[in-house]
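Visitor: Enclosed is the structure file run-v3.cif (mmCIF, C-alpha atoms).
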```
data_upload
loop_
_atom_site.label_atom_id
_atom_site.label_comp_id
_atom_site.auth_asym_id
_atom_site.auth_seq_id
_atom_site.Cartn_x
_atom_site.Cartn_y
_atom_site.Cartn_z
CA MET A 159 -205.25 7.04 0.07
CA ARG A 160 -204.70 8.48 3.52
CA LYS A 161 -203.63 11.80 2.00
CA VAL A 162 -206.85 11.93 -0.04
CA ILE A 163 -208.97 11.35 3.10
CA TYR A 164 -207.04 14.10 4.93
CA ALA A 165 -207.55 16.48 2.02
CA LEU A 166 -211.29 15.79 1.82
CA SER A 167 -211.66 16.18 5.58
CA LEU A 168 -209.82 19.49 5.50
CA PHE A 169 -212.03 20.73 2.63
CA GLY A 170 -215.20 19.73 4.46
CA LEU A 171 -214.07 21.44 7.66
CA CYS A 172 -213.26 24.64 5.75
CA PHE A 173 -216.68 24.58 4.04
CA ILE A 174 -218.57 24.11 7.32
CA THR A 175 -216.52 26.82 9.02
CA GLN A 176 -217.09 29.22 6.15
CA LYS A 177 -220.87 28.50 6.15
CA ALA A 178 -221.18 29.02 9.91
CA THR A 179 -219.13 32.21 9.73
CA ALA A 180 -221.36 33.53 6.94
CA GLN A 181 -224.56 32.78 8.87
CA PHE A 182 -223.39 34.75 11.89
CA SER A 183 -222.04 37.55 9.74
CA PRO A 184 -224.05 40.78 9.85
CA TYR A 185 -224.16 40.62 6.06
CA TYR A 186 -225.67 37.14 5.87
CA TYR A 187 -229.40 36.65 5.33
CA ASN A 188 -231.75 33.86 4.29
CA LYS A 189 -233.18 34.58 0.87
CA HIS A 190 -236.23 32.39 1.43
CA GLU A 191 -238.52 32.53 4.44
CA VAL A 192 -241.85 30.80 5.06
CA GLY A 193 -244.16 31.52 7.94
CA VAL A 194 -247.51 31.05 9.63
CA SER A 195 -249.57 33.83 11.19
CA VAL A 196 -252.63 34.58 13.31
CA GLN A 197 -254.41 37.93 13.38
CA GLY A 198 -257.46 39.56 14.86
CA GLY A 199 -259.03 42.97 15.21
CA TYR A 200 -261.86 45.38 14.54
CA LEU A 201 -263.88 45.42 11.32
CA GLY A 202 -265.76 48.56 10.30
CA LEU A 203 -267.94 49.66 7.40
CA GLN A 204 -267.02 52.69 5.32
CA ASN A 205 -270.50 53.38 3.96
CA SER A 206 -273.72 54.72 5.48
CA MET A 207 -276.64 52.36 6.14
CA PRO A 208 -280.22 52.53 4.76
CA TYR A 209 -283.33 52.76 6.97
CA GLY A 210 -281.48 54.95 9.46
CA MET A 211 -279.30 52.09 10.65
CA LYS A 212 -276.00 52.70 12.43
CA SER A 213 -272.97 50.44 12.36
CA ASP A 214 -271.71 48.87 15.59
CA GLY A 215 -268.58 47.52 13.96
CA GLY A 216 -267.53 43.89 14.10
CA THR A 217 -264.56 41.52 14.31
CA SER A 218 -262.11 39.96 11.89
CA LEU A 219 -260.03 36.84 12.67
CA GLY A 220 -257.57 35.10 10.40
CA VAL A 221 -254.84 32.49 9.97
CA GLY A 222 -252.32 32.49 7.15
CA LEU A 223 -249.35 30.99 5.33
CA HIS A 224 -246.65 33.29 3.92
CA TYR A 225 -243.57 33.22 1.72
CA ASP A 226 -241.00 36.03 1.53
CA TYR A 227 -238.09 36.38 -0.85
CA HIS A 228 -235.36 38.61 0.58
CA LEU A 229 -233.73 40.86 -1.99
CA SER A 230 -231.29 42.04 0.69
CA ARG A 231 -231.10 42.11 4.48
CA LYS A 232 -233.58 44.99 4.51
CA PHE A 233 -235.89 44.52 1.53
CA SER A 234 -238.19 41.59 0.74
CA VAL A 235 -241.23 40.80 -1.37
CA GLY A 236 -243.93 38.40 -0.24
CA ILE A 237 -247.04 36.47 -1.13
CA GLY A 238 -249.44 34.58 1.10
CA GLY A 239 -252.76 32.95 1.68
CA VAL A 240 -254.85 34.17 4.64
CA TYR A 241 -258.23 32.73 5.62
CA THR A 242 -260.37 35.31 7.42
CA MET A 243 -263.70 35.12 9.22
CA SER A 244 -265.30 38.55 9.52
CA ASN A 245 -268.61 40.03 10.57
CA ALA A 246 -270.11 43.51 10.46
CA LYS A 247 -273.08 44.58 12.62
CA TYR A 248 -275.56 47.45 12.34
CA GLN A 249 -278.95 48.25 13.80
CA THR A 250 -281.81 50.71 14.14
CA SER A 251 -283.55 51.33 17.46
CA ARG A 252 -287.00 51.80 15.93
CA LEU A 253 -288.63 50.68 12.69
CA GLU A 254 -292.04 51.89 11.59
CA GLY A 255 -293.64 52.27 8.18
CA SER A 256 -296.56 51.60 5.86
CA THR A 257 -297.00 50.57 2.25
CA PRO A 258 -300.03 50.19 -0.08
CA ALA A 259 -301.01 46.54 -0.58
CA THR A 260 -303.73 44.29 -1.99
CA ASP A 261 -305.03 41.22 -0.16
CA TRP A 262 -305.78 37.85 -1.77
CA GLU A 263 -309.38 38.91 -2.48
CA GLY A 264 -308.30 41.99 -4.41
CA GLU A 265 -309.10 44.51 -1.64
CA LYS A 266 -306.71 47.44 -1.45
CA PHE A 267 -305.49 48.57 1.97
CA ILE A 268 -302.55 50.15 3.84
CA PHE A 269 -300.15 47.61 5.33
CA LYS A 270 -298.57 48.99 8.53
CA TYR A 271 -295.63 47.52 10.45
CA ARG A 272 -293.41 48.40 13.39
CA ALA A 273 -290.60 46.82 15.40
CA SER A 274 -288.85 47.94 18.58
CA SER A 275 -285.47 47.39 16.88
CA VAL A 276 -283.84 45.67 13.92
CA ASN A 277 -280.37 44.13 14.09
CA GLU A 278 -278.42 42.87 11.11
CA LYS A 279 -275.10 41.09 10.76
CA VAL A 280 -273.11 40.28 7.61
CA MET A 281 -270.72 37.33 7.94
CA LEU A 282 -267.90 36.88 5.41
CA ASN A 283 -265.46 33.97 5.02
CA GLN A 284 -262.70 34.72 2.54
CA VAL A 285 -259.33 33.50 1.30
CA ASN A 286 -257.07 36.52 0.89
CA ILE A 287 -253.95 36.68 -1.27
CA PRO A 288 -251.62 39.54 -0.21
CA LEU A 289 -248.82 40.76 -2.49
CA THR A 290 -246.47 42.89 -0.40
CA VAL A 291 -243.09 44.54 -0.08
CA ALA A 292 -241.34 44.90 3.29
CA TYR A 293 -238.48 46.95 4.73
CA THR A 294 -236.65 45.96 7.94
CA MET A 295 -234.53 48.52 9.79
CA ASP A 296 -231.27 47.84 11.65
CA ASN A 297 -233.14 47.92 14.98
CA ASN A 298 -235.50 45.16 13.67
CA LEU A 299 -238.50 47.44 13.21
CA TYR A 300 -240.25 46.52 9.97
CA PHE A 301 -242.80 48.05 7.62
CA ARG A 302 -244.90 46.14 5.09
CA THR A 303 -247.43 47.30 2.52
CA GLY A 304 -249.11 46.05 -0.62
CA VAL A 305 -252.36 45.00 -2.23
CA GLN A 306 -254.63 42.10 -1.25
CA PHE A 307 -257.26 40.15 -3.20
CA GLY A 308 -260.09 38.52 -1.21
CA LEU A 309 -261.91 35.53 -2.71
CA SER A 310 -265.30 34.75 -1.19
CA MET A 311 -265.89 31.30 0.31
CA THR A 312 -269.23 31.46 2.16
CA SER A 313 -271.11 34.61 3.13
CA GLU A 314 -274.50 35.26 4.71
CA VAL A 315 -276.64 38.00 6.21
CA GLU A 316 -278.78 37.58 9.34
CA THR A 317 -281.60 40.03 10.17
CA THR A 318 -283.46 40.07 13.51
CA PHE A 319 -286.75 41.92 14.02
CA ASN A 320 -287.62 42.48 17.68
CA GLN A 321 -291.27 42.81 18.76
CA LEU A 322 -292.57 42.87 15.20
CA GLU A 323 -296.21 43.96 14.83
CA THR A 324 -298.32 44.43 11.68
CA GLU A 325 -301.84 45.54 10.85
CA GLY A 326 -303.99 46.38 7.83
CA TYR A 327 -305.99 49.59 7.51
CA PHE A 328 -308.82 49.52 4.96
CA PRO A 329 -309.76 53.19 4.33
CA GLN A 330 -312.82 52.25 2.26
CA TYR A 331 -314.29 50.62 5.36
CA GLU A 332 -312.46 52.75 7.95
CA VAL A 333 -311.40 49.60 9.77
CA THR A 334 -308.13 48.13 10.99
CA LEU A 335 -307.74 44.34 10.96
CA PRO A 336 -305.35 42.54 13.33
CA PHE A 337 -306.07 38.89 12.49
CA PRO A 338 -302.73 37.08 11.95
CA GLU A 339 -304.24 33.67 11.13
CA TYR A 340 -305.83 35.08 7.96
CA SER A 341 -304.08 38.22 6.80
CA ALA A 342 -300.53 38.26 8.24
CA PHE A 343 -301.61 40.91 10.79
CA GLY A 344 -300.80 40.85 14.50
CA SER A 345 -297.86 40.51 16.94
CA PHE A 346 -295.04 38.17 15.90
CA GLY A 347 -292.47 38.71 18.66
CA THR A 348 -288.85 38.19 17.57
CA GLN A 349 -288.35 37.15 13.95
CA LYS A 350 -284.98 36.09 12.53
CA GLU A 351 -284.09 35.63 8.86
CA LYS A 352 -280.79 34.25 7.54
CA ARG A 353 -279.81 34.25 3.85
CA ASP A 354 -276.76 33.21 1.84
CA ILE A 355 -275.24 36.00 -0.22
CA ASP A 356 -272.73 36.13 -3.05
CA VAL A 357 -270.06 38.85 -3.06
CA ASN A 358 -267.47 40.09 -5.53
CA THR A 359 -263.70 39.72 -5.22
CA ARG A 360 -262.45 42.21 -2.64
CA ILE A 361 -259.44 44.44 -3.39
CA ALA A 362 -257.73 46.11 -0.44
CA TRP A 363 -254.68 48.17 0.45
CA VAL A 364 -252.90 46.47 3.35
CA GLY A 365 -250.11 47.59 5.63
CA GLU A 366 -248.26 46.47 8.72
CA VAL A 367 -245.72 47.89 11.16
CA GLY A 368 -244.04 45.93 13.92
CA TYR A 369 -240.96 44.37 15.47
CA LYS A 370 -238.95 41.36 14.31
CA TYR A 371 -237.64 39.25 17.19
CA GLU A 372 -234.88 36.74 16.35
CA LEU A 373 -235.71 33.56 18.25
CA ALA A 374 -232.78 31.51 16.98
CA GLU A 375 -230.78 30.90 13.86
CA ARG A 376 -233.17 31.17 10.89
CA GLN A 377 -236.18 31.60 13.18
CA ASN A 378 -238.01 34.90 13.63
CA LEU A 379 -241.13 36.06 15.46
CA TYR A 380 -242.96 39.11 14.12
CA PHE A 381 -245.30 41.24 16.27
CA GLY A 382 -247.22 43.81 14.25
CA LEU A 383 -250.17 46.15 13.93
CA TYR A 384 -251.98 45.84 10.61
CA PHE A 385 -254.59 47.72 8.62
CA ASP A 386 -256.76 46.52 5.75
CA LEU A 387 -258.60 49.16 3.71
CA GLY A 388 -261.15 47.90 1.19
CA LEU A 389 -261.00 49.73 -2.14
CA ASN A 390 -264.18 48.42 -3.79
CA ASP A 391 -267.82 47.66 -3.02
CA ILE A 392 -268.11 43.86 -3.00
CA LYS A 393 -271.91 43.62 -2.83
CA LYS A 394 -273.60 41.94 -5.79
CA SER A 395 -276.98 43.44 -6.61
CA ASP A 396 -280.03 41.17 -6.37
CA LYS A 397 -282.60 42.44 -8.83
CA ALA A 398 -285.15 39.90 -7.59
CA ALA A 399 -285.11 41.28 -4.05
CA ASN A 400 -287.88 43.65 -2.88
CA THR A 401 -286.02 46.74 -1.67
CA ALA A 402 -289.01 49.03 -1.07
CA SER A 403 -289.15 48.26 2.65
CA LEU A 404 -287.79 45.91 5.28
CA VAL A 405 -291.24 44.38 5.89
CA TRP A 406 -293.92 43.80 3.25
CA TYR A 407 -297.18 41.96 2.66
CA LYS A 408 -297.36 39.02 0.24
CA PRO A 409 -300.83 37.65 -0.71
CA ILE A 410 -301.21 33.99 -1.67
CA PRO A 411 -304.61 33.86 -3.50
CA GLU A 412 -304.48 30.14 -4.28
CA GLU A 413 -304.35 29.41 -0.53
CA SER A 414 -306.66 32.26 0.57
CA ARG A 415 -304.06 33.66 2.90
CA ALA A 416 -301.08 36.01 3.10
CA GLU A 417 -297.70 36.15 4.81
CA VAL A 418 -295.31 38.73 6.16
CA VAL A 419 -292.03 38.87 4.26
CA LYS A 420 -288.99 40.13 6.15
CA ASN A 421 -286.32 41.70 3.99
CA ALA A 422 -282.66 42.51 4.74
CA ALA A 423 -281.16 45.99 4.76
CA TYR A 424 -278.33 44.40 2.78
CA HIS A 425 -280.64 44.08 -0.25
CA ASN A 426 -281.49 47.78 -0.33
CA GLU A 427 -280.13 49.50 -3.43
CA ALA A 428 -278.42 52.15 -1.30
CA TYR A 429 -276.44 49.53 0.65
CA LYS A 430 -272.77 49.12 -0.22
CA LEU A 431 -270.41 46.60 1.35
CA LYS A 432 -267.07 48.34 1.70
CA SER A 433 -265.06 47.57 4.84
CA TYR A 434 -261.81 48.23 6.68
CA ALA A 435 -260.00 46.38 9.47
CA ILE A 436 -257.29 47.16 12.04
CA GLY A 437 -255.74 44.76 14.50
CA ILE A 438 -252.80 42.74 15.80
CA LYS A 439 -250.83 40.15 13.85
CA VAL A 440 -248.27 37.59 15.05
CA LYS A 441 -246.16 35.59 12.59
CA TYR A 442 -243.57 32.86 13.04
CA GLY A 443 -241.10 32.61 10.17
CA PHE A 444 -238.13 30.37 9.44
CA GLY A 445 -235.49 30.66 6.76
CA LEU A 446 -234.72 28.04 4.13
#
```
Represent the supplied structure as structure tokens.

Guide:
Amino acid sequence: MRKVIYALSLFGLCFITQKATAQFSPYYYNKHEVGVSVQGGYLGLQNSMPYGMKSDGGTSLGVGLHYDYHLSRKFSVGIGGVYTMSNAKYQTSRLEGSTPATDWEGEKFIFKYRASSVNEKVMLNQVNIPLTVAYTMDNNLYFRTGVQFGLSMTSEVETTFNQLETEGYFPQYEVTLPFPEYSAFGSFGTQKEKRDIDVNTRIAWVGEVGYKYELAERQNLYFGLYFDLGLNDIKKSDKAANTASLVWYKPIPEESRAEVVKNAAYHNEAYKLKSYAIGIKVKYGFGL
């Protein structure tokens, strides 16, 4: 019995020694690695804006979970789930226009509007699923690239009209009416409109370059610069939206009044929502 115990002890010691030697061997690697990440950077729009608007850019922040399967010490394939909160901003310094309209009594007139500036922001919350391949060099520099699918969670657009003023010119009477309590004419100050929007699944080409720092056995810290280039327009068209102008006159005959309707540049037919992002990403990974 004592010989059996000695033999088992010797076998166990050899196994542990062999395992430890393999882990510190330059040829040893963990096939499975899971990790968590945080990222943040600049979000820009690839398309031009309607109504003479110019993009100011925006921000993109995200947190993620990742799994990588190592084919060798240098090559790996990965999948993940990254929740991102992004916004894109654009504005015009001056808005002025006019459209033909009819009041609630059937009188035709010219509806005129102006604003000192119009600011708009699109906010997107998405769950992204990246499918990537990575290559790690002997000096621990790594490169990663692949395709990413973005699933929309909640999205909205917010439009702000600063110093909005409207008036109605009736050419048949050669008179301009500025009575807001009756005809939606007058000075309205700052007006803000927020709407929920629905967007399509986003497809993007993603890439990352950085450095892999080995914290301890089976533990790695990755510092990288990433890019995210959208490949498709994710805006869903809203056929019910009035895209003729940002501001328009809506008569309500049954109530003998009218109201000013503020539209969003997002609903213009020429608007396309196609974005890109660049930034910094930090990931902690541990081998299984």

Visitor: Looking at A:Asn205, A:Asn320, A:Ser345, A:Ser395, which one is nearest to Glu278 of chain A, with distances taken over all atoms listed in the file?

Guide: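 Under the stated criterion, the closest residue is A:Asn320.
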
Visitor: Mind running segment 262-332 of chain A against segment 388-393 of chain A at 12 Å and telling me each contacting residue's nearest atom pair with the distance in Å (one decimal), counting all atoms listed in the file, chain and number ascending, as a Markdown table?

Guide:
```
| residue | atom | partner | partner_atom | distance |
| --- | --- | --- | --- | --- |
| A:Val280 | CA | A:Lys393 | CA | 11.0 |
| A:Leu282 | CA | A:Ile392 | CA | 10.9 |
| A:Gln284 | CA | A:Ile392 | CA | 12.0 |
| A:Val305 | CA | A:Leu389 | CA | 9.9 |
| A:Gln306 | CA | A:Gly388 | CA | 9.1 |
| A:Phe307 | CA | A:Gly388 | CA | 9.7 |
| A:Gly308 | CA | A:Gly388 | CA | 9.7 |
| A:Leu309 | CA | A:Ile392 | CA | 10.4 |
| A:Ser310 | CA | A:Ile392 | CA | 9.7 |
| A:Ser313 | CA | A:Lys393 | CA | 10.8 |
| A:Glu314 | CA | A:Lys393 | CA | 11.6 |
| A:Val315 | CA | A:Lys393 | CA | 11.6 |
```

Visitor: Those same residues, written as a short mmCIF file (atom, residue, chain, number, x, y, z; two decimals), in the coordinates of the input with C-alpha atoms?

Guide:
```cif
data_model
loop_
_atom_site.label_atom_id
_atom_site.label_comp_id
_atom_site.auth_asym_id
_atom_site.auth_seq_id
_atom_site.Cartn_x
_atom_site.Cartn_y
_atom_site.Cartn_z
CA VAL A 280 -273.11 40.28 7.61
CA LEU A 282 -267.90 36.88 5.41
CA GLN A 284 -262.70 34.72 2.54
CA VAL A 305 -252.36 45.00 -2.23
CA GLN A 306 -254.63 42.10 -1.25
CA PHE A 307 -257.26 40.15 -3.20
CA GLY A 308 -260.09 38.52 -1.21
CA LEU A 309 -261.91 35.53 -2.71
CA SER A 310 -265.30 34.75 -1.19
CA SER A 313 -271.11 34.61 3.13
CA GLU A 314 -274.50 35.26 4.71
CA VAL A 315 -276.64 38.00 6.21
#
```

Visitor: For the atom pair atom CA of Leu219 of chain A and atom CA of Ser244 of chain A, what is the interatomic distance in Å to one decimal place?

Guide: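 Going from atom CA of Leu219 of chain A over to atom CA of Ser244 of chain A, I get 6.4 Å.
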
Visitor: Could you tell me how far atom CA of Phe233 of chain A sits from atom CA of Asn297 of chain A, in Å to one decimal place?

Guide: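 According to the coordinates, atom CA of Asn297 of chain A and atom CA of Phe233 of chain A are separated by 14.1 Å.
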
Visitor: Identify which of the residues A:Asp354, A:Asp261, A:Glu417, A:Glu254 lies closest to Phe319 of chain A, counting only C-alpha atoms when measuring atom-to-atom distances.

Guide: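 Nearest candidate to Phe319 of chain A out of A:Asp354, A:Asp261, A:Glu417, A:Glu254: A:Glu254.
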